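Read through the structure below, which is laid out as structure tokens, and then see the notes.
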Amino acid sequence: MILLSSIIEKFEAKFFNKYKTAVLPSHKKALLAMKQCRKESGPHMLARCTNDNCRRHSYIPHSCGHRNCPHCQNHESRQWIENQLNKQLPAQYYLLTFTLPRQLRKLAWKNQKLIYSLMFQCIQELLKTFTRNDKKLRGIAGFTTVMHTHSRELGFHPHIHIVMVGGSINKNSRLWRVKSGKYLFCHKALAKVFRAKLLKAIVDHNLRVPKDCPKKWVVDCKNVGNGDKALIYLGKYLYKGVIQEKDILKCENGMVTFRYLHSKTNKYQNRTVTGEYFLWLLMQHVLPKGFRKVRCYGFLHPCSKKLIKLLQLILRFNPIMMVKQLKQRAKITCKFCGARMEIIRTMIPAAQIQRATHPT
């Protein structure tokens, strides 16, 4: 298996030289973190054995913890999936996908934080309105949204996935209403309203809409049963970056070959690019600092835990866990006596401290 850190070390200089005008501080931070993840040159943890007869000390390479690193945050991913499955309710679930047209991607790249935030805002307003006006629902919606910026071949392709409950709570009557069927809402109506809302928001923020902006946008809406598989699918792509190291096939002669699962044929296809362009493909999907790619709305908001538990109790519904109960983090054991080790402190190499305090 080819390590991503080795590719970064090999092509980092060429990458910064070729894309120096487009590289953002968040890109530099991501590359540095992934390059030093669990490496001897990166941060270390000083651990001490808890066995009184041993008490040996060891230096252990620290994980970077970056949300784009393929090594890190597996624990957080499983935790998110379990939390979402614990909030399941007795209703049909639907997976909706709102895609930004190709003609607006250049505008989105130049104004990432603003455009992504506007997409979240327009979608949550739209779905709340559709649920409130629907004849069968007529209440408050509940849905989870996840931002993705990549296509399967790692191209820049901003879109938002939504896992939505086909049910609602009416504030006045306090009734739980459900809706079933192949589609939750008409996808053509969703696309028209989404287009109108987002274009208006873009103009209101003094941005210019491209002249070739299409009149028809794409919104997908389909039934996903009780929602567990859709939540697990999205949870796997929250933290581990946009590519796994097992999908990097070759790195030779200045070129990198990786594979991806083609959406139409459902078969793996290979793509070969230069090493520096491969790094650029990865950096395109590093979100702006502090930007939340996952958001929950309505009765699925984190502040509505008591309401969800009350609904599960009244409706006599016990969520079916599709993943094993969350395991605790792996314990660090002493290689001499096998006892548990405790972390005393994290140590950062002097070279890294100097680079942070005196950036070039």
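In the structure tokens, each chain is lettered A, B, ... as it comes, each chain's residues begin at 1, and ligands are numbered from 1 in order of appearance.
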
TODO: For region 113-121 of chain A, work out the shell of residues within 7 Å, counting only C-alpha atoms and skipping chain neighbours fewer than 2 positions away, then give it as a ChimeraX atom specification.
DONE: /A:108,111,123-125,198,201,288

Output file for the residues above (N, CA and C atoms, as a PDB file, in the first residue's frame):
```pdb
ATOM      1  N   ALA A 108     -18.244  29.279  -6.736  1.00  0.00           N
ATOM      2  CA  ALA A 108     -18.208  28.618  -5.425  1.00  0.00           C
ATOM      3  C   ALA A 108     -16.779  28.455  -4.927  1.00  0.00           C
ATOM      4  N   ASN A 111     -15.519  31.713  -3.526  1.00  0.00           N
ATOM      5  CA  ASN A 111     -16.255  32.175  -2.339  1.00  0.00           C
ATOM      6  C   ASN A 111     -16.794  30.965  -1.571  1.00  0.00           C
ATOM      7  N   ILE A 123     -31.386  25.281   1.540  1.00  0.00           N
ATOM      8  CA  ILE A 123     -31.938  23.927   1.605  1.00  0.00           C
ATOM      9  C   ILE A 123     -32.779  23.732   2.864  1.00  0.00           C
ATOM     10  N   GLN A 124     -32.274  24.230   4.005  1.00  0.00           N
ATOM     11  CA  GLN A 124     -33.051  24.027   5.238  1.00  0.00           C
ATOM     12  C   GLN A 124     -34.346  24.836   5.203  1.00  0.00           C
ATOM     13  N   GLU A 125     -34.331  26.031   4.635  1.00  0.00           N
ATOM     14  CA  GLU A 125     -35.565  26.816   4.510  1.00  0.00           C
ATOM     15  C   GLU A 125     -36.552  26.131   3.565  1.00  0.00           C
ATOM     16  N   LEU A 198     -31.276  30.129  -4.119  1.00  0.00           N
ATOM     17  CA  LEU A 198     -29.823  30.280  -4.089  1.00  0.00           C
ATOM     18  C   LEU A 198     -29.368  31.434  -4.978  1.00  0.00           C
ATOM     19  N   ALA A 201     -30.040  34.631  -3.188  1.00  0.00           N
ATOM     20  CA  ALA A 201     -29.089  34.835  -2.100  1.00  0.00           C
ATOM     21  C   ALA A 201     -27.724  35.273  -2.617  1.00  0.00           C
ATOM     22  N   PRO A 288     -13.010  25.299   4.351  1.00  0.00           N
ATOM     23  CA  PRO A 288     -12.487  26.464   5.094  1.00  0.00           C
ATOM     24  C   PRO A 288     -12.444  26.198   6.591  1.00  0.00           C
TER      25      PRO A 288
END
```

- [ ] Assign secondary structure with DSSP using the backbone only, and return the residues of region 243-317 of chain A in alpha helix (DSSP H) as JSON, numbers by chain.
- [x] {"A": [275, 276, 277, 278, 279, 280, 281, 282, 283, 305, 306, 307, 308, 309, 310, 311, 312, 313, 314]}

TODO: Write out as a VMD selection string each polymer residue whose atoms come within 7 Å of His161 (chain A), counting only C-alpha atoms; drop sequence neighbours fewer than 5 positions from it.
DONE: chain A and resid 95 to 98 145 to 147

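Using only C-alpha atoms, the residues found no farther than 9 Å from Leu89 (chain A), other than those of its own chain fewer than 2 positions away, are Asn86, Lys87, Ala91, Gln92, Val165, Gly167, Asn226, Ile308, Leu311, Gln312, Leu315, Phe317, Asn318 and Pro319 of chain A.
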
May I have the selected residues written with C-alpha atoms, as a PDB file, in the first residue's frame?
```
ATOM      1  CA  ASN A  86     -29.982   6.212  18.049  1.00  0.00           C
ATOM      2  CA  LYS A  87     -32.212   9.055  16.808  1.00  0.00           C
ATOM      3  CA  ALA A  91     -41.082   6.336   9.508  1.00  0.00           C
ATOM      4  CA  GLN A  92     -39.771   6.030   5.984  1.00  0.00           C
ATOM      5  CA  VAL A 165     -37.438  11.540   8.026  1.00  0.00           C
ATOM      6  CA  GLY A 167     -42.542  12.388   9.288  1.00  0.00           C
ATOM      7  CA  ASN A 226     -35.521   3.007   7.601  1.00  0.00           C
ATOM      8  CA  ILE A 308     -36.715  12.241  20.216  1.00  0.00           C
ATOM      9  CA  LEU A 311     -41.330  10.098  20.620  1.00  0.00           C
ATOM     10  CA  GLN A 312     -39.542   6.750  20.709  1.00  0.00           C
ATOM     11  CA  LEU A 315     -44.462   5.244  19.633  1.00  0.00           C
ATOM     12  CA  PHE A 317     -39.971   2.240  18.935  1.00  0.00           C
ATOM     13  CA  ASN A 318     -36.523   0.899  19.717  1.00  0.00           C
ATOM     14  CA  PRO A 319     -33.856   1.858  17.144  1.00  0.00           C
TER      15      PRO A 319
END
```

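Going from CA of Ala30 (chain A) over to CA of Cys69 (chain A), you cover 8.0 Å.
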
Open item on the list: Let me make sure I understand: among A:Leu279, A:Ile8, A:Leu231, A:Ile202, which one has the smallest atom-to-atom distance to Cys37 (chain A) if we use only C-alpha atoms?
Closed with: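 For Cys37 (chain A), the nearest of the candidates is A:Ile8.
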
Task: Close residues, Met341 (chain A) itself excluded, 10 Å, only C-alpha atoms, min 3 positions apart in chain, as a PyMOL selection string - done: chain A and resi 46-51+55-58+331-335+338+344

Next, the residues of the selection above should be written as a PDB file, in the first residue's frame with N, CA, C and O atoms.
```pdb
ATOM      1  N   LEU A  46       4.349  11.292  25.248  1.00  0.00           N
ATOM      2  CA  LEU A  46       5.179  10.659  26.266  1.00  0.00           C
ATOM      3  C   LEU A  46       4.252   9.852  27.164  1.00  0.00           C
ATOM      4  O   LEU A  46       3.382  10.398  27.842  1.00  0.00           O
ATOM      5  N   ALA A  47       4.417   8.531  27.125  1.00  0.00           N
ATOM      6  CA  ALA A  47       3.552   7.634  27.888  1.00  0.00           C
ATOM      7  C   ALA A  47       4.350   6.937  28.986  1.00  0.00           C
ATOM      8  O   ALA A  47       5.537   6.647  28.828  1.00  0.00           O
ATOM      9  N   ARG A  48       3.660   6.648  30.092  1.00  0.00           N
ATOM     10  CA  ARG A  48       4.302   5.994  31.232  1.00  0.00           C
ATOM     11  C   ARG A  48       3.492   4.768  31.636  1.00  0.00           C
ATOM     12  O   ARG A  48       2.259   4.809  31.684  1.00  0.00           O
ATOM     13  N   CYS A  49       4.192   3.680  31.894  1.00  0.00           N
ATOM     14  CA  CYS A  49       3.540   2.437  32.307  1.00  0.00           C
ATOM     15  C   CYS A  49       2.931   2.604  33.692  1.00  0.00           C
ATOM     16  O   CYS A  49       3.534   3.186  34.595  1.00  0.00           O
ATOM     17  N   THR A  50       1.712   2.076  33.871  1.00  0.00           N
ATOM     18  CA  THR A  50       1.009   2.213  35.153  1.00  0.00           C
ATOM     19  C   THR A  50       1.379   1.112  36.145  1.00  0.00           C
ATOM     20  O   THR A  50       0.964   1.162  37.300  1.00  0.00           O
ATOM     21  N   ASN A  51       2.152   0.121  35.671  1.00  0.00           N
ATOM     22  CA  ASN A  51       2.595  -0.956  36.557  1.00  0.00           C
ATOM     23  C   ASN A  51       3.706  -0.433  37.477  1.00  0.00           C
ATOM     24  O   ASN A  51       4.750   0.025  37.015  1.00  0.00           O
ATOM     25  N   ARG A  55       6.995   1.014  35.364  1.00  0.00           N
ATOM     26  CA  ARG A  55       7.069   2.485  35.293  1.00  0.00           C
ATOM     27  C   ARG A  55       7.991   2.977  34.165  1.00  0.00           C
ATOM     28  O   ARG A  55       8.640   4.019  34.273  1.00  0.00           O
ATOM     29  N   ARG A  56       8.068   2.224  33.078  1.00  0.00           N
ATOM     30  CA  ARG A  56       8.902   2.640  31.957  1.00  0.00           C
ATOM     31  C   ARG A  56       8.207   3.749  31.157  1.00  0.00           C
ATOM     32  O   ARG A  56       6.979   3.826  31.106  1.00  0.00           O
ATOM     33  N   HIS A  57       9.016   4.562  30.492  1.00  0.00           N
ATOM     34  CA  HIS A  57       8.498   5.633  29.638  1.00  0.00           C
ATOM     35  C   HIS A  57       8.733   5.276  28.166  1.00  0.00           C
ATOM     36  O   HIS A  57       9.738   4.636  27.832  1.00  0.00           O
ATOM     37  N   SER A  58       7.800   5.718  27.321  1.00  0.00           N
ATOM     38  CA  SER A  58       7.937   5.483  25.878  1.00  0.00           C
ATOM     39  C   SER A  58       7.452   6.708  25.113  1.00  0.00           C
ATOM     40  O   SER A  58       6.500   7.396  25.542  1.00  0.00           O
ATOM     41  N   LYS A 331      -6.395   0.901  23.895  1.00  0.00           N
ATOM     42  CA  LYS A 331      -5.505   1.275  24.985  1.00  0.00           C
ATOM     43  C   LYS A 331      -4.052   1.055  24.580  1.00  0.00           C
ATOM     44  O   LYS A 331      -3.725   0.128  23.839  1.00  0.00           O
ATOM     45  N   ILE A 332      -3.192   1.910  25.073  1.00  0.00           N
ATOM     46  CA  ILE A 332      -1.756   1.785  24.824  1.00  0.00           C
ATOM     47  C   ILE A 332      -1.164   0.895  25.901  1.00  0.00           C
ATOM     48  O   ILE A 332      -1.346   1.158  27.096  1.00  0.00           O
ATOM     49  N   THR A 333      -0.510  -0.167  25.484  1.00  0.00           N
ATOM     50  CA  THR A 333       0.054  -1.107  26.444  1.00  0.00           C
ATOM     51  C   THR A 333       1.576  -1.066  26.411  1.00  0.00           C
ATOM     52  O   THR A 333       2.192  -0.773  25.376  1.00  0.00           O
ATOM     53  N   CYS A 334       2.165  -1.374  27.517  1.00  0.00           N
ATOM     54  CA  CYS A 334       3.619  -1.382  27.656  1.00  0.00           C
ATOM     55  C   CYS A 334       4.195  -2.594  26.921  1.00  0.00           C
ATOM     56  O   CYS A 334       3.724  -3.726  27.103  1.00  0.00           O
ATOM     57  N   LYS A 335       5.193  -2.382  26.089  1.00  0.00           N
ATOM     58  CA  LYS A 335       5.785  -3.484  25.319  1.00  0.00           C
ATOM     59  C   LYS A 335       6.683  -4.370  26.175  1.00  0.00           C
ATOM     60  O   LYS A 335       7.105  -5.437  25.719  1.00  0.00           O
ATOM     61  N   GLY A 338       3.197  -5.359  29.343  1.00  0.00           N
ATOM     62  CA  GLY A 338       1.827  -5.522  28.867  1.00  0.00           C
ATOM     63  C   GLY A 338       0.788  -4.735  29.638  1.00  0.00           C
ATOM     64  O   GLY A 338      -0.412  -4.810  29.326  1.00  0.00           O
ATOM     65  N   ILE A 344       1.320  11.201  29.495  1.00  0.00           N
ATOM     66  CA  ILE A 344       1.741  12.283  30.384  1.00  0.00           C
ATOM     67  C   ILE A 344       1.626  13.622  29.678  1.00  0.00           C
ATOM     68  O   ILE A 344       1.031  14.565  30.198  1.00  0.00           O
TER      69      ILE A 344
END
```

Open item on the list: Which residues are near Lys192 (chain A)? Cut-off 9 Å, only C-alpha atoms, ignore same chain within fewer than 6 positions. Put them as JSON, numbers by chain.
Closed with: {"A": [215, 216, 217]}
